[in-house]
Each structure stands twice: as C-alpha cells, then as structure tokens.
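Notes to accompany the following structure.
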Amino acid sequence: MKRVLSLMLVMVMSVIAIVDIVAQTSTAGEKSKVAQKSYKIVLVSAQSSNPYFFTINAGAQDEAKTLGVSVVFQAPQANNIQSQLTVVQAIQATKPDFVIIAPVDSTGMIAPLRMMKEDNIPVITVDRDVLDTSVRLGTIISNNKKGGYMAAEYLSKALGGSGDVAYLGFTPGIQSVDDRHTGWNDGLKEFKGLRLAGEAFETSDLQSLTAKANALLTRNPNLKGIFASFTNAVLAAASAVKNAGLSGKVKVVGFDASPDEIQALRSGAIDALIAQEAYTMGQLAVRYAVDYLDNGTKPPDTTYTSFIVITPENVNSPDIVPYIYRGAK
Amino acid sequence: MNTKNLTSEILDKDTKTEKHKIQFFENQWIFLILLGLILIFALVTPPGSFFSFRNLQNITLDASTILIIGSGMTLLLIAKGIDLSTGSMAIFSAIAAATIMVQLAGTPDEVAQFQYPHLGIALAAGIIVGIAMGALWGAVNGLLVVKSKVPPFIATLGTMGIALGLAQVWTGGINVQHVPLPFQSEFGLGKMAGLIPWPVVVAIVIAAFFWILLAYTKFGLHTYAIGANVEAARRVGINTERHICILYTIVGALCGVVGILDVARFNTASVASHTNTPLSVISAIIIGGTSMHGGRGRISGTIIGALIQAVLLNGFIVMGVTPFWQNVAVGVVLLVAVQIDQIRRRSN
C-alpha cells in the first residue's frame with residue numbers, strides 16, 4: 001500500500017510538471033520569423049519573487065514572440081550564490097543557445113559564468129554585473145549613479161532648494177544600490193541646500209527597515225525628505241512616515257515601481273518613484289542575443305537604460321503604465 | 001561493568017536485528033524511489049540533458065553540502081537532538097576562514113594584484129580556523145542544551161541568530177574580497193583524477209567516516225542508546241551529557257568544513273548564503289528514514305535523502321518547470337517521507 005502510494009505520488013508530480021511545461025510552450029503560438037532559428041534563451045533572475053525581475057521577463061517574452069525565439073524564465077530558490085549556482089548548472093545541461101542572467105554576487109558568480117563561456121554558451125548580464133567582464137559579452141544595467149543623482153535633484157526641487165534629508169538603503173555589497181548611494185552623494189554636493197541629517201543601511205527585511213526608518217524620523221524632527229534606494233526601503237519609509245502622521249510633510253523619494261510602491265504613491269505616502277526601465281532591459285537583452293546568434297554581432301560592453309520619474313500626477317498616464325512592475329503572470 | 005554489553009541488552013538483541021532489517025528494507029525502498037525519479041527525469045527531458053555525466057556530476061555537487069552537515073546531523077537526530085543554526089555556523093566559519101586567508105596571503109596591495117607570497121600558510125591557517133570556529137559554535141550549542149537544559153530547538157534557534165548577527169557585524173554585510181584564486185581554481189573547482197569534484201570527494205570521505213562510526217563503534221552504539229532511552233543509557237554508565245555535547249560540536253565542525261568549501265567554490269564568503277540549509281539538511285535526513293523521535297537512522301538513508309532533494313531541484317530546472325512548482329514538489333516529497341515514518345512507527 002505504501003509502495004503504491006509513493007509511486008503514485010511521484011507520477012502525479014511528474015504529470016503536474018509536464019502539464020505545466022506544455023502550458024508554457026503552447027503560449028508561444030505563431031510568430032513572425034525574424035530570427036534565423038528558433039533559439040532557446042534562458043533568463044535567470046536573482047530572486048524568485050520580485051516584480052522587477054518579472055518585468056524584465058515580460059519585456060524579454062514579448063521581444064521573443066516578435067523575433068520567433070523562446071525565453072525560459074528561471075529563478076533561484078534563495079537569493080544566494082549556492083542557489084543560483086544550482087540553477088546555472090542545471091541550465092547548462094539543457095544546452096541553451098544563450099543565457100541572460102542577473103548575477104546574485106559580483107564575485108561568486110564569475111566562475112559559473114566562466115564555465116558557461118568555456119561550454120560555448122554566450123552570456124549577457126542584466127541589472128548587475130560581475131567583476132570579471134571577460135566572462136560575459138556585455139551588460140545591461142540602469143545607470144544607478146544617475147538615478148541616485150536624480151533623487152537628490154528631485155528632493156531639491158520638491159523642498160524648494162533647502163531642507164534636512166536622510167538616506168535609507170541596502171547594506172553595502174550590491175553594485176546597483178551602492179551606485180545609487182554614490183550618485184545621491186554627488187547630488188548632495190551639487191544641491192548644497194540639502195543637508196544630510198542621517199543615513200541607515202539594512203538588508204531587505206521589512207521589519208528591520210521600518211525600525212530604522214522610524215529611528216531616522218525620531219532622531220531628526222526637522223527632517224523634510226527621505227531617499228529610499230530600493231523597494232523594501234521605500235515601503236518601510238512610507239510606513240514610518242504614515243505612522244508618524246507626517247505624510248506630505250516629509251517627502252519620500254524611492255526607487256523602483258512595484259505594485260505596492262505604486263499603491264503607496266497613490267495614497268500620498270510617497271512623493272515620487274524613480275522607476276527603472278526593466279521592461280526595456282528584457283527587450284534589449286533578447287534583441288542582443290538574437291543579433292549575436294544570427295550575425296555574430298557583439299553587444300556593447302555596457303548599455304545603460306534610463307529612468308522614469310513617476311509621481312501622483314502622471315501615474316495613470318498610458319505612457320507610464322509600461323514602467324510599472326508586474327507580477328509573475 | 002561492560003557498558004557495551006549492557007547497552008546491547010538495553011537495545012534488545014532481537015529488536016535491534018529486527019530494526020536493522022526494517023531500516024535496511026526501507027532504505028532499499030528510498031533507493032528505489034531515487035532511481036525512479038532519475039529514470040522519470042531522464043525520460044521527460046531531451047536525451048543527454050538531464051541524464052548526462054556532467055549533469056549527474058553537478059547533482060552530486062549540489063548534494064555535497066547537505067551530505068557533509070547531514071552526516072553529523074544524522075547522529076544528532078538519532079540522539080534526539082536537533083540543530084537549526086547550521087547555516088549560520090557555516091557562514092561564520094566561511095568568513096573567518098576567508099578573512100584569515102586574505103590577511104595572511106600577502107599585503108593588501110599584493111593580494112589585490114593576485115600575488116600570494118604566503119599562500120600555503122594562509123590556506124592552512126584559514127582551514128584550521130574555519131573548522132575551529134565551527135566546532136566552537138557547536139560546543140556552545142552543546143553546552144546550552146546540556147548545561148542550561150534549554151530545549152535544542154530553542155537553543156540552536158538562538159545561536160542561529162547570534163552567529164549570523166556577529167558575522168554581519170564582522171563584515172559590515174559586505175562579502176570578503178580578494179580570496180586567493182588558486183584555492184578556487186585548484187580545489188574548489190578542481191576534480192580528483194579529473195573526474196570527481198573535490199567537494200564531492202570530501203563529502204564521500206566524511207559520509208564514509210560517519211557511516212562506520214555509527215554502525216560499527218561503541219560511540220555509534222551509545223548514540224542509538226541515548227536516542228532510544230536517555231535515562232537508561234545514563235544509568236548504564238554512558239556519560240550522556242558529554243556524548244551529546246560532542247555530537248553538537250561535531251555538527252559545528254562539519255559546518256566549518258562546508259564554510260571552507262564555500263570559500264573554495266565561490267572565491268568569497270557571503271552572509272547571504274545558506275538560508276535554506278538547516279531545513280534542507282533535516283529534510284534530507286528525514287526522507288532518508290531517520291526518525292525525528294530518535295533511536296533509529298542510518299547514514300545510507302541520509303545519502304539517498306540528499307540525492308533525492310538534489311535530483312528533484314535539478315530535474316525540474318532542466319525540465320523548464322517554473323520555479324514555484326519546484327518548491328511544491330520538494331515539500332510534497334518531505335510530507336510523503338514523514339507519512340511513511342508515521343506508518344512505520346505505528347506498526348512497531
């Protein structure tokens with residue numbers, strides 16, 4: 001009886017998995033054949049549940065449909081090297097034509113990317129890069145320094161040129177967020193009316209971030225603006241400002257445009273969101289991939305995508321909607 | 001008073017052979033499931049993708065971390081202990097080892113330029129310190145459980161947070177940079193005889209050691225005895241407190257080994273790693289047939305449990321299944337294994 005049960009379970013799991021794959025491939029549908037072959041591209045994200053990466057995937061999938069190639073989306077179980085390595089190794093076994101990856105660590109992922117290069121699998125990195133650029137063809141990243149600068153610029157304008165401001169960011173170690181911090185500091189140097197009253201760093205844990213945001217508000221009663229440089233920091237800052245009853249009095253500028261950040265924007269807790277062109281990143285990556293596979297054209301070493309500033313005034317306009325990050329489907 | 005004879009009597013010769021027979025049968029059972037999974041994945045994926053030497057090699061590599069910690073943890077679970085701090089101990093050891101290696105290999109400028117005048121001693125010191133740090137944390141766990149009578153679940157939950165926090169304080173959250181490259185190229189990514197990755201070799205040696213320790217030595221026998229009935233074991237003369245403390249220290253040291261292997265494979269030490277490790281290790285051991293209620297278990301089961309998890313994870317990715325279904329599948333397998341454990345217990 002146990003024997004039968006266990007075997008049945010394994011079979012049921014396999015059936016579920018097969019049905020899932022069939023469902024996925026059948027949505028590919030008819031395509032206008034622009035690429036020379038129906039290439040198999042794999043997109044590896046850095047986290048399993050992040051609207052930002054789903055948006056990159058959305059751009060990639062749409063471009064793939066137009067060009068007649070297929071993109072498979074894979075994500076590591078956890079946001080660490082071991083997990084992403086498991087995914088990369090397994091993908092190598094499927095012999096893809098091209099791999100687009102957002103590396104979890106700029107040092108730890110060098111060796112796995114090099115192994116793919118030695119296996120003749122071309123690689124492009126998106127969202128962040130690895131420190132050894134020889135292991136990938138090119139990278140597509142936001143010009144995060146510019147984004148941080150734009151935050152300082154926006155706050156300066158919103159505060160009429162002067163006021164106390166604070167920074168809430170990720171613990172140093174992720175290139176993209178560190179660059180935003182650098183750009184922000186450059187902006188502060190230029191917009192001299194802004195005075196940096198405090199800084200706090202934390203990992204993506206929402207509770208700890210909110211505690212730090214509350215602390216910033218308590219310590220600096222004259223605080224007029226906060227720059228929160230990644231999604232969870234934005235949500236934490238919004239929550240802290242609302243709880244202190246300071247919505248509108250303390251202006252929060254944040255990075256990224258996940259659905260909950262947009263909601264906070266609409267509710268007035270956040271003043272502006274600097275959204276990355278995640279959708280465009282996905283499109284460009286697939287376009288570069290097909291161009292390389294068809295014609296051998298190497299993509300540029302670094303392609304910078306830009307930003308859209310989303311405010312309560314323009315959040316419903318149709319040009320802005322594509323930049324709002326989406327869910328998995 | 002010959003402790004060994006009395007302990008055997010406690011375990012009761014007949015039920016011991018009976019237990020071993022049941023366990024052997026179940027392990028054959030789990031082994032068949034493993035083979036079945038491999039077969040199914042080989043059939044539903046393009047030929048030569050899942051079922052290729054390279055991919056199977058990668059699966060063993062994925063399973064090696066779980067197996068190394070799992071070998072020690074199997075003994076701990078048999079003795080009715082548990083350790084949730086394994087991930088944090090591995091992280092702390094990795095950071096200690098990597099930091100020592102970077103500091104001793106040369107001056108900061110030399111190391112940044114990939115020059116390592118004192119490579120040998122740096123690596124040796126790093127490895128020793130890494131394992132020592134792990135053993136130290138393990139001893140802390142053991143003393144907490146044995147001396148202050150804190151339940152193991154709570155005690156190790158506490159050290160999990162403390163060890164991780166201290167690691168974060170030490171590094172400021174930044175990964176250790178400039179770890180000597182040869183450690184990665186020669187060892188972390190190297191293969192013995194060009195065939196078996198060194199981390200897998202380490203895992204096999206450790207599993208073999210604990211297999212023999214558990215099945216053929218007095219230490220192993222005492223471990224079973226403590227798990228079956230700690231009070232009786234104590235009265236028969238086994239120093240249960242020392243034994244349990246040693247078990248926790250062993251698990252800590254094994255986490256140190258894993259930390260060092262991390263540094264070797266990834267050329268860095270990161271506080272963000274090992275988020276799933278504690279639960280994956282325990283899952284593998286349970287799937288392998290060791291009971292959460294103590295008193296029974298074998299290393300062979302743990303090996304198969306670790307491989308089943310790695311096969312599932314790898315197989316679903318090769319199939320192209322969405323990442324979310326992968327979580328579902330691994331959870332289902334664990335529940336099935338626990339269910340079998342419950343049925344087994346009731347029938348005994």
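Just remember, in the structure tokens the first chain shown is A, the second B, etc., residues are 1-based per chain, and ligands are 1-based in the order shown.
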Could you give me, as JSON lines, a per-residue list for chain A showing, wherever an atom lies at most 6 Å from an atom of chain B, the closest pair of atoms and their distance in Å to one decimal, using only C-alpha atoms and sorting by chain then residue number from low to high?
{"residue": "A:Ala75", "atom": "CA", "partner": "B:Pro323", "partner_atom": "CA", "distance": 5.9}
{"residue": "A:Asn80", "atom": "CA", "partner": "B:Ser273", "partner_atom": "CA", "distance": 5.0}
{"residue": "A:Ala90", "atom": "CA", "partner": "B:Asn314", "partner_atom": "CA", "distance": 5.5}
{"residue": "A:Ile91", "atom": "CA", "partner": "B:Val318", "partner_atom": "CA", "distance": 5.9}
{"residue": "A:Ala93", "atom": "CA", "partner": "B:Ser49", "partner_atom": "CA", "distance": 4.7}
{"residue": "A:Thr94", "atom": "CA", "partner": "B:Ser49", "partner_atom": "CA", "distance": 5.1}
{"residue": "A:Gly108", "atom": "CA", "partner": "B:Phe266", "partner_atom": "CA", "distance": 4.5}
{"residue": "A:Thr171", "atom": "CA", "partner": "B:Gly173", "partner_atom": "CA", "distance": 5.9}
{"residue": "A:Pro172", "atom": "CA", "partner": "B:Ile174", "partner_atom": "CA", "distance": 6.0}
{"residue": "A:Gly173", "atom": "CA", "partner": "B:Ile174", "partner_atom": "CA", "distance": 4.9}
Hey, can you spit out that residue selection with C-alpha atoms as a PDB file, in the first residue's frame?
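Okay, selection_11.pdb is ready:
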ATOM      1  CA  ALA A  75      14.863  31.823 -10.586  1.00  0.00           C
ATOM      2  CA  ASN A  80      22.378  33.452  -2.697  1.00  0.00           C
ATOM      3  CA  ALA A  90      21.067  22.594 -14.368  1.00  0.00           C
ATOM      4  CA  ILE A  91      20.530  25.012 -17.234  1.00  0.00           C
ATOM      5  CA  ALA A  93      22.561  20.572 -19.050  1.00  0.00           C
ATOM      6  CA  THR A  94      19.750  21.803 -21.315  1.00  0.00           C
ATOM      7  CA  GLY A 108      30.862  34.402  -6.591  1.00  0.00           C
ATOM      8  CA  THR A 171      23.819  47.230   3.298  1.00  0.00           C
ATOM      9  CA  PRO A 172      26.837  47.860   1.051  1.00  0.00           C
ATOM     10  CA  GLY A 173      27.692  44.985  -1.270  1.00  0.00           C
TER      11      GLY A 173
END
- A:Thr231 surroundings by only C-alpha atoms, 12 Å radius, close-in-sequence under 6 positions cut, as number ranges by chain: A: 50-52, 168-170, 177, 203-206, 209, 237-238, 253-262, 264, 270, 273-276, 325
- Item | B:Leu307 surroundings by only C-alpha atoms, 10 Å radius, close-in-sequence under 6 positions cut, as a PyMOL selection string | chain B and resi 31+34+59-64+66-67+284+288+301+313
- Students should find that atom CA of B:Tyr248 and atom CA of B:Leu76 are spaced 7.1 Å
- Message: If we count only C-alpha atoms and set the cut-off at 9 Å, which residues sit around stretch 87-94 of chain B, ignoring sequence neighbours fewer than 5 positions away in its own chain? Please answer as JSON, numbers by chain.
- Response: {"B": [99, 129, 130, 131, 132, 133, 134, 135, 137, 138, 159, 160, 161, 162, 163, 164, 165, 166, 167, 168, 252, 253, 254, 255, 256, 257, 258, 259, 260, 261, 262, 263, 268, 269, 270, 271, 272, 273, 274, 275, 276, 277, 278]}
What does the file look like for those residues with C-alpha atoms, as an mmCIF file, in the first residue's frame?
data_model
loop_
_atom_site.group_PDB
_atom_site.id
_atom_site.type_symbol
_atom_site.label_atom_id
_atom_site.label_comp_id
_atom_site.auth_asym_id
_atom_site.auth_seq_id
_atom_site.Cartn_x
_atom_site.Cartn_y
_atom_site.Cartn_z
ATOM 1 C CA THR B 99 39.429 36.638 6.281
ATOM 2 C CA VAL B 129 40.499 28.452 11.883
ATOM 3 C CA GLY B 130 37.355 27.809 9.857
ATOM 4 C CA ILE B 131 36.817 24.332 11.270
ATOM 5 C CA ALA B 132 37.757 25.530 14.761
ATOM 6 C CA MET B 133 35.183 28.326 14.619
ATOM 7 C CA GLY B 134 32.516 25.871 13.568
ATOM 8 C CA ALA B 135 33.456 23.470 16.349
ATOM 9 C CA TRP B 137 29.843 27.322 17.910
ATOM 10 C CA GLY B 138 28.878 23.655 18.032
ATOM 11 C CA THR B 159 22.725 30.644 18.258
ATOM 12 C CA MET B 160 21.456 30.787 14.665
ATOM 13 C CA GLY B 161 20.634 34.451 15.149
ATOM 14 C CA ILE B 162 23.697 35.285 17.239
ATOM 15 C CA ALA B 163 26.206 33.651 14.894
ATOM 16 C CA LEU B 164 24.646 35.265 11.840
ATOM 17 C CA GLY B 165 24.461 38.653 13.541
ATOM 18 C CA LEU B 166 28.090 38.514 14.614
ATOM 19 C CA ALA B 167 29.075 37.536 11.087
ATOM 20 C CA GLN B 168 27.198 40.570 9.770
ATOM 21 C CA GLY B 252 29.537 22.593 14.217
ATOM 22 C CA ALA B 253 32.881 21.397 12.889
ATOM 23 C CA LEU B 254 31.169 19.943 9.816
ATOM 24 C CA CYS B 255 29.531 23.324 9.217
ATOM 25 C CA GLY B 256 33.060 24.717 9.343
ATOM 26 C CA VAL B 257 34.069 22.298 6.591
ATOM 27 C CA VAL B 258 31.112 23.433 4.486
ATOM 28 C CA GLY B 259 32.072 27.070 5.081
ATOM 29 C CA ILE B 260 35.576 26.388 3.791
ATOM 30 C CA LEU B 261 34.222 24.565 0.746
ATOM 31 C CA ASP B 262 32.014 27.600 0.065
ATOM 32 C CA VAL B 263 35.077 29.841 0.073
ATOM 33 C CA THR B 268 34.185 34.743 -1.493
ATOM 34 C CA ALA B 269 32.359 34.434 1.825
ATOM 35 C CA SER B 270 28.879 35.871 1.930
ATOM 36 C CA VAL B 271 26.440 36.460 4.804
ATOM 37 C CA ALA B 272 23.540 35.996 2.410
ATOM 38 C CA SER B 273 24.162 32.282 1.878
ATOM 39 C CA HIS B 274 22.671 29.141 3.444
ATOM 40 C CA THR B 275 19.187 30.486 4.036
ATOM 41 C CA ASN B 276 17.622 27.079 3.256
ATOM 42 C CA THR B 277 20.412 24.883 4.582
ATOM 43 C CA PRO B 278 19.106 23.988 8.059
#
- Message: Please identify the alpha helix (DSSP H) residues within stretch 106-319 of chain B (assignment by DSSP from backbone atoms) and present them as JSON, numbers by chain.
- Response: {"B": [108, 109, 110, 111, 112, 119, 120, 121, 122, 123, 124, 125, 126, 127, 128, 129, 130, 131, 132, 133, 134, 135, 136, 137, 138, 139, 140, 141, 142, 143, 144, 145, 146, 147, 152, 153, 154, 155, 156, 157, 158, 159, 160, 161, 162, 163, 164, 165, 166, 167, 168, 169, 170, 171, 181, 182, 198, 199, 200, 201, 202, 203, 204, 205, 206, 207, 208, 209, 210, 211, 212, 213, 214, 215, 216, 218, 219, 220, 221, 222, 223, 224, 225, 226, 227, 228, 230, 231, 232, 233, 234, 235, 240, 241, 242, 243, 244, 245, 246, 247, 248, 249, 250, 251, 252, 253, 254, 255, 256, 257, 258, 259, 260, 261, 262, 263, 264, 265, 266, 277, 278, 279, 280, 281, 282, 283, 284, 285, 286, 287, 299, 300, 301, 302, 303, 304, 305, 306, 307, 308, 309, 310, 311, 312, 313, 314, 315, 316, 317, 318, 319]}
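For the pair atom CA of B:Gly72 and atom CA of B:Ala155, the separation is 17.8 Å.
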- Task: Determine which residues of stretch 150-196 of chain A DSSP labels as strand (DSSP E) from the backbone of this structure, then write them out as a list in words.
- Result: Gly163, Asp164, Val165, Ala166, Tyr167, Leu168, Gly169, Phe170, Leu194, Arg195 and Leu196 of chain A
May I have the residues from that selection written out with C-alpha atoms, as a PDB file, in the first residue's frame?
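Once written, part_5.pdb looks like this:
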ATOM      1  CA  GLY A 163      15.964  71.137   3.956  1.00  0.00           C
ATOM      2  CA  ASP A 164      17.202  68.209   6.033  1.00  0.00           C
ATOM      3  CA  VAL A 165      17.238  64.891   4.196  1.00  0.00           C
ATOM      4  CA  ALA A 166      18.070  61.274   5.030  1.00  0.00           C
ATOM      5  CA  TYR A 167      19.097  58.136   3.147  1.00  0.00           C
ATOM      6  CA  LEU A 168      17.710  54.628   3.683  1.00  0.00           C
ATOM      7  CA  GLY A 169      19.499  51.943   1.698  1.00  0.00           C
ATOM      8  CA  PHE A 170      20.726  48.387   1.405  1.00  0.00           C
ATOM      9  CA  LEU A 194      20.092  69.882   1.151  1.00  0.00           C
ATOM     10  CA  ARG A 195      21.664  68.867   4.452  1.00  0.00           C
ATOM     11  CA  LEU A 196      22.272  65.159   5.083  1.00  0.00           C
TER      12      LEU A 196
END
Closest atom pairs, stretch 128-210 of chain A residues within 9 Å of stretch 292-303 of chain A, only C-alpha atoms, as a Markdown table:
| residue | atom | partner | partner_atom | distance |
| --- | --- | --- | --- | --- |
| A:Thr133 | CA | A:Asp301 | CA | 8.5 |
| A:Arg136 | CA | A:Asp301 | CA | 8.9 |
| A:Leu137 | CA | A:Pro299 | CA | 6.7 |
| A:Gly138 | CA | A:Asp301 | CA | 4.3 |
| A:Thr139 | CA | A:Thr302 | CA | 5.0 |
| A:Ile140 | CA | A:Thr303 | CA | 4.7 |
| A:Ile141 | CA | A:Thr303 | CA | 6.3 |
| A:Ser142 | CA | A:Thr303 | CA | 8.1 |
| A:Asn143 | CA | A:Thr303 | CA | 8.8 |
Just to be explicit: take each residue in the selection above, keep N, CA and C atoms, and write the result as a PDB file, in the first residue's frame.
ATOM      1  N   THR A 133      34.806  41.097 -16.359  1.00  0.00           N
ATOM      2  CA  THR A 133      33.921  41.296 -17.505  1.00  0.00           C
ATOM      3  C   THR A 133      34.237  40.380 -18.673  1.00  0.00           C
ATOM      4  N   ARG A 136      31.476  37.552 -19.753  1.00  0.00           N
ATOM      5  CA  ARG A 136      30.178  37.787 -20.391  1.00  0.00           C
ATOM      6  C   ARG A 136      30.368  38.735 -21.575  1.00  0.00           C
ATOM      7  N   LEU A 137      29.436  38.698 -22.532  1.00  0.00           N
ATOM      8  CA  LEU A 137      29.567  39.506 -23.742  1.00  0.00           C
ATOM      9  C   LEU A 137      29.315  40.980 -23.460  1.00  0.00           C
ATOM     10  N   GLY A 138      28.385  41.245 -22.557  1.00  0.00           N
ATOM     11  CA  GLY A 138      28.040  42.638 -22.292  1.00  0.00           C
ATOM     12  C   GLY A 138      27.089  42.686 -21.116  1.00  0.00           C
ATOM     13  N   THR A 139      26.757  43.902 -20.704  1.00  0.00           N
ATOM     14  CA  THR A 139      25.829  44.032 -19.592  1.00  0.00           C
ATOM     15  C   THR A 139      24.818  45.116 -19.888  1.00  0.00           C
ATOM     16  N   ILE A 140      23.615  44.950 -19.360  1.00  0.00           N
ATOM     17  CA  ILE A 140      22.577  45.978 -19.498  1.00  0.00           C
ATOM     18  C   ILE A 140      22.165  46.354 -18.095  1.00  0.00           C
ATOM     19  N   ILE A 141      22.521  47.573 -17.702  1.00  0.00           N
ATOM     20  CA  ILE A 141      22.198  47.993 -16.339  1.00  0.00           C
ATOM     21  C   ILE A 141      21.628  49.391 -16.355  1.00  0.00           C
ATOM     22  N   SER A 142      20.938  49.719 -15.283  1.00  0.00           N
ATOM     23  CA  SER A 142      20.498  51.096 -15.136  1.00  0.00           C
ATOM     24  C   SER A 142      21.692  51.908 -14.717  1.00  0.00           C
ATOM     25  N   ASN A 143      21.711  53.129 -15.134  1.00  0.00           N
ATOM     26  CA  ASN A 143      22.790  53.992 -14.687  1.00  0.00           C
ATOM     27  C   ASN A 143      22.436  54.449 -13.282  1.00  0.00           C
TER      28      ASN A 143
END
- Query: Can you list, as a PyMOL selection string, every protein, DNA or RNA residue that comes within 10 Å of A:Val252 when you count only C-alpha atoms, leaving out same-chain residues fewer than 4 positions away?
  - Reply: chain A and resi 151+155+165-166+224-228+234+237-238+241+247-248+265+268-273
Generate a file of the selected residues that holds N, CA and C atoms, formatted as a tab-separated table (two decimals), in the first residue's frame.
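Printed below is out02.tsv as written:
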chain	number	residue	atom	x	y	z
A	151	ALA	N	17.44	61.46	-7.64
A	151	ALA	CA	16.69	61.53	-6.40
A	151	ALA	C	17.02	62.81	-5.65
A	155	LEU	N	14.38	65.90	-4.86
A	155	LEU	CA	14.13	66.39	-3.50
A	155	LEU	C	14.44	67.88	-3.40
A	165	VAL	N	17.63	66.12	4.88
A	165	VAL	CA	17.24	64.89	4.20
A	165	VAL	C	17.97	63.69	4.79
A	166	ALA	N	17.44	62.50	4.53
A	166	ALA	CA	18.07	61.27	5.03
A	166	ALA	C	18.07	60.23	3.95
A	224	LYS	N	12.95	66.72	6.27
A	224	LYS	CA	11.99	67.13	5.26
A	224	LYS	C	11.89	66.13	4.11
A	225	GLY	N	12.94	65.29	3.94
A	225	GLY	CA	12.90	64.38	2.82
A	225	GLY	C	13.69	63.11	3.08
A	226	ILE	N	13.24	62.00	2.49
A	226	ILE	CA	13.97	60.73	2.60
A	226	ILE	C	14.15	60.15	1.20
A	227	PHE	N	15.37	59.65	0.92
A	227	PHE	CA	15.59	58.90	-0.29
A	227	PHE	C	15.74	57.43	0.11
A	228	ALA	N	14.78	56.59	-0.34
A	228	ALA	CA	14.84	55.16	-0.05
A	228	ALA	C	15.24	54.46	-1.33
A	234	VAL	N	11.61	51.64	0.43
A	234	VAL	CA	10.54	52.58	0.11
A	234	VAL	C	9.29	52.27	0.93
A	237	ALA	N	9.89	53.23	4.54
A	237	ALA	CA	9.85	54.68	4.75
A	237	ALA	C	8.41	55.17	4.70
A	238	ALA	N	7.62	54.65	3.74
A	238	ALA	CA	6.23	55.07	3.62
A	238	ALA	C	5.47	54.73	4.90
A	241	VAL	N	6.58	57.04	7.79
A	241	VAL	CA	6.07	58.41	7.64
A	241	VAL	C	4.58	58.47	7.96
A	247	SER	N	2.72	62.27	6.56
A	247	SER	CA	2.52	62.16	5.11
A	247	SER	C	2.39	63.54	4.52
A	248	GLY	N	3.20	63.81	3.47
A	248	GLY	CA	3.12	65.11	2.84
A	248	GLY	C	4.08	66.10	3.46
A	265	LEU	N	2.30	55.30	-3.47
A	265	LEU	CA	2.39	56.57	-4.19
A	265	LEU	C	1.00	57.18	-4.33
A	268	GLY	N	-0.45	58.79	-1.28
A	268	GLY	CA	0.14	60.04	-0.83
A	268	GLY	C	1.31	59.87	0.12
A	269	ALA	N	1.62	58.62	0.50
A	269	ALA	CA	2.73	58.43	1.43
A	269	ALA	C	4.08	58.63	0.74
A	270	ILE	N	4.10	58.39	-0.57
A	270	ILE	CA	5.35	58.56	-1.31
A	270	ILE	C	5.16	59.67	-2.32
A	271	ASP	N	6.20	60.48	-2.50
A	271	ASP	CA	6.11	61.62	-3.38
A	271	ASP	C	6.45	61.29	-4.83
A	272	ALA	N	7.47	60.46	-5.01
A	272	ALA	CA	7.89	60.14	-6.37
A	272	ALA	C	8.63	58.83	-6.37
A	273	LEU	N	8.52	58.11	-7.50
A	273	LEU	CA	9.26	56.87	-7.65
A	273	LEU	C	10.13	56.96	-8.89
